[in-house]
Amino acid sequence: MANDKFEPGEIITDTEVRLECLRLATEFGPENDRRDPLPIADNYYDWVMQNSKRQSEKTVKKKDKVKS
């Protein structure tokens, strides 16, 4: 999965998101953070999920406006 591109609208699992966050933390993090990448990966995951939730709320609001 690490080398695959995500297609727009593709649904990825929670595990795939977590693994991608871990990959980013280990691949692009500074050497000091790579020794213990899990806290950094958790921060990435929390950020992704928080922003994902906001994005889905915006999408639902837009769909509701279109139906009205």
# chains A, B, ... in the order shown; residues from 1 in each chain; ligands from 1
>>> residues_around(residues="segment 35-50 of chain A", least_positions_apart="3", cutoff="12 Å", atoms="only C-alpha atoms", output="list in words")
Thr13, Asp14, Thr15, Glu16, Val17, Arg18, Leu19, Glu20, Cys21, Leu22, Arg23, Leu24, Ala25, Thr26, Glu27, Phe28, Gly29, Pro30, Glu31, Asn32, Lys53, Arg54, Gln55, Ser56 and Glu57 of chain A
>>> decode(residues="segment 17-58 of chain A", atoms="N, CA and C atoms", output="short mmCIF file (atom, residue, chain, number, x, y, z; two decimals), in the first residue's frame")
data_model
loop_
_atom_site.label_atom_id
_atom_site.label_comp_id
_atom_site.auth_asym_id
_atom_site.auth_seq_id
_atom_site.Cartn_x
_atom_site.Cartn_y
_atom_site.Cartn_z
N VAL A 17 -4.82 3.55 7.24
CA VAL A 17 -4.48 4.92 7.62
C VAL A 17 -3.38 4.91 8.66
N ARG A 18 -3.51 4.04 9.65
CA ARG A 18 -2.48 3.95 10.70
C ARG A 18 -1.13 3.53 10.14
N LEU A 19 -1.13 2.56 9.23
CA LEU A 19 0.13 2.12 8.63
C LEU A 19 0.76 3.22 7.78
N GLU A 20 -0.05 3.96 7.07
CA GLU A 20 0.47 5.07 6.27
C GLU A 20 1.07 6.15 7.18
N CYS A 21 0.42 6.44 8.29
CA CYS A 21 0.96 7.42 9.26
C CYS A 21 2.29 6.94 9.83
N LEU A 22 2.38 5.66 10.13
CA LEU A 22 3.64 5.10 10.63
C LEU A 22 4.74 5.18 9.57
N ARG A 23 4.37 4.90 8.32
CA ARG A 23 5.34 5.00 7.22
C ARG A 23 5.85 6.43 7.10
N LEU A 24 4.96 7.39 7.16
CA LEU A 24 5.37 8.79 7.05
C LEU A 24 6.29 9.19 8.20
N ALA A 25 5.95 8.73 9.40
CA ALA A 25 6.76 9.08 10.58
C ALA A 25 8.17 8.50 10.48
N THR A 26 8.27 7.29 9.95
CA THR A 26 9.60 6.67 9.86
C THR A 26 10.37 7.11 8.63
N GLU A 27 9.68 7.40 7.56
CA GLU A 27 10.37 7.75 6.32
C GLU A 27 10.83 9.21 6.29
N PHE A 28 10.01 10.10 6.83
CA PHE A 28 10.31 11.52 6.71
C PHE A 28 10.67 12.21 8.02
N GLY A 29 10.57 11.50 9.13
CA GLY A 29 10.87 12.11 10.42
C GLY A 29 12.36 12.24 10.66
N PRO A 30 12.74 13.16 11.55
CA PRO A 30 14.16 13.29 11.90
C PRO A 30 14.65 12.01 12.59
N GLU A 31 15.93 11.80 12.54
CA GLU A 31 16.53 10.57 13.09
C GLU A 31 16.12 10.33 14.55
N ASN A 32 16.07 11.36 15.33
CA ASN A 32 15.71 11.22 16.74
C ASN A 32 14.28 10.68 16.89
N ASP A 33 13.37 11.14 16.04
CA ASP A 33 11.98 10.67 16.12
C ASP A 33 11.82 9.26 15.56
N ARG A 34 12.70 8.83 14.68
CA ARG A 34 12.60 7.50 14.08
C ARG A 34 12.89 6.39 15.09
N ARG A 35 13.57 6.72 16.16
CA ARG A 35 13.86 5.70 17.19
C ARG A 35 12.58 5.22 17.87
N ASP A 36 11.62 6.13 18.03
CA ASP A 36 10.33 5.79 18.62
C ASP A 36 9.24 6.49 17.80
N PRO A 37 8.89 5.94 16.64
CA PRO A 37 7.99 6.64 15.73
C PRO A 37 6.51 6.57 16.10
N LEU A 38 6.13 5.69 17.02
CA LEU A 38 4.70 5.52 17.31
C LEU A 38 4.01 6.78 17.82
N PRO A 39 4.61 7.55 18.75
CA PRO A 39 3.93 8.78 19.17
C PRO A 39 3.72 9.78 18.02
N ILE A 40 4.70 9.87 17.14
CA ILE A 40 4.57 10.77 15.99
C ILE A 40 3.48 10.25 15.05
N ALA A 41 3.48 8.95 14.80
CA ALA A 41 2.46 8.35 13.94
C ALA A 41 1.08 8.55 14.54
N ASP A 42 0.95 8.44 15.86
CA ASP A 42 -0.34 8.68 16.51
C ASP A 42 -0.78 10.14 16.33
N ASN A 43 0.16 11.06 16.42
CA ASN A 43 -0.18 12.48 16.18
C ASN A 43 -0.67 12.68 14.75
N TYR A 44 0.01 12.07 13.79
CA TYR A 44 -0.41 12.15 12.39
C TYR A 44 -1.81 11.57 12.24
N TYR A 45 -2.04 10.41 12.84
CA TYR A 45 -3.34 9.74 12.73
C TYR A 45 -4.45 10.62 13.31
N ASP A 46 -4.21 11.17 14.50
CA ASP A 46 -5.21 12.04 15.13
C ASP A 46 -5.52 13.24 14.25
N TRP A 47 -4.48 13.81 13.66
CA TRP A 47 -4.67 14.97 12.79
C TRP A 47 -5.48 14.58 11.54
N VAL A 48 -5.15 13.46 10.94
CA VAL A 48 -5.87 13.01 9.75
C VAL A 48 -7.33 12.75 10.07
N MET A 49 -7.58 12.06 11.17
CA MET A 49 -8.96 11.71 11.51
C MET A 49 -9.77 12.95 11.88
N GLN A 50 -9.15 13.90 12.56
CA GLN A 50 -9.84 15.14 12.93
C GLN A 50 -10.21 15.91 11.67
N ASN A 51 -9.28 16.05 10.74
CA ASN A 51 -9.55 16.78 9.51
C ASN A 51 -10.49 16.01 8.59
N SER A 52 -10.42 14.70 8.63
CA SER A 52 -11.33 13.88 7.84
C SER A 52 -12.76 14.06 8.32
N LYS A 53 -12.93 14.12 9.64
CA LYS A 53 -14.25 14.30 10.22
C LYS A 53 -14.82 15.66 9.81
N ARG A 54 -13.98 16.69 9.85
CA ARG A 54 -14.41 18.03 9.44
C ARG A 54 -14.83 18.04 7.98
N GLN A 55 -14.03 17.38 7.14
CA GLN A 55 -14.31 17.34 5.71
C GLN A 55 -15.64 16.64 5.44
N SER A 56 -15.88 15.53 6.13
CA SER A 56 -17.13 14.80 5.90
C SER A 56 -18.33 15.61 6.40
N GLU A 57 -18.16 16.40 7.46
CA GLU A 57 -19.24 17.25 7.93
C GLU A 57 -19.55 18.33 6.90
N LYS A 58 -18.53 18.89 6.26
CA LYS A 58 -18.75 19.89 5.22
C LYS A 58 -19.47 19.27 4.04
#
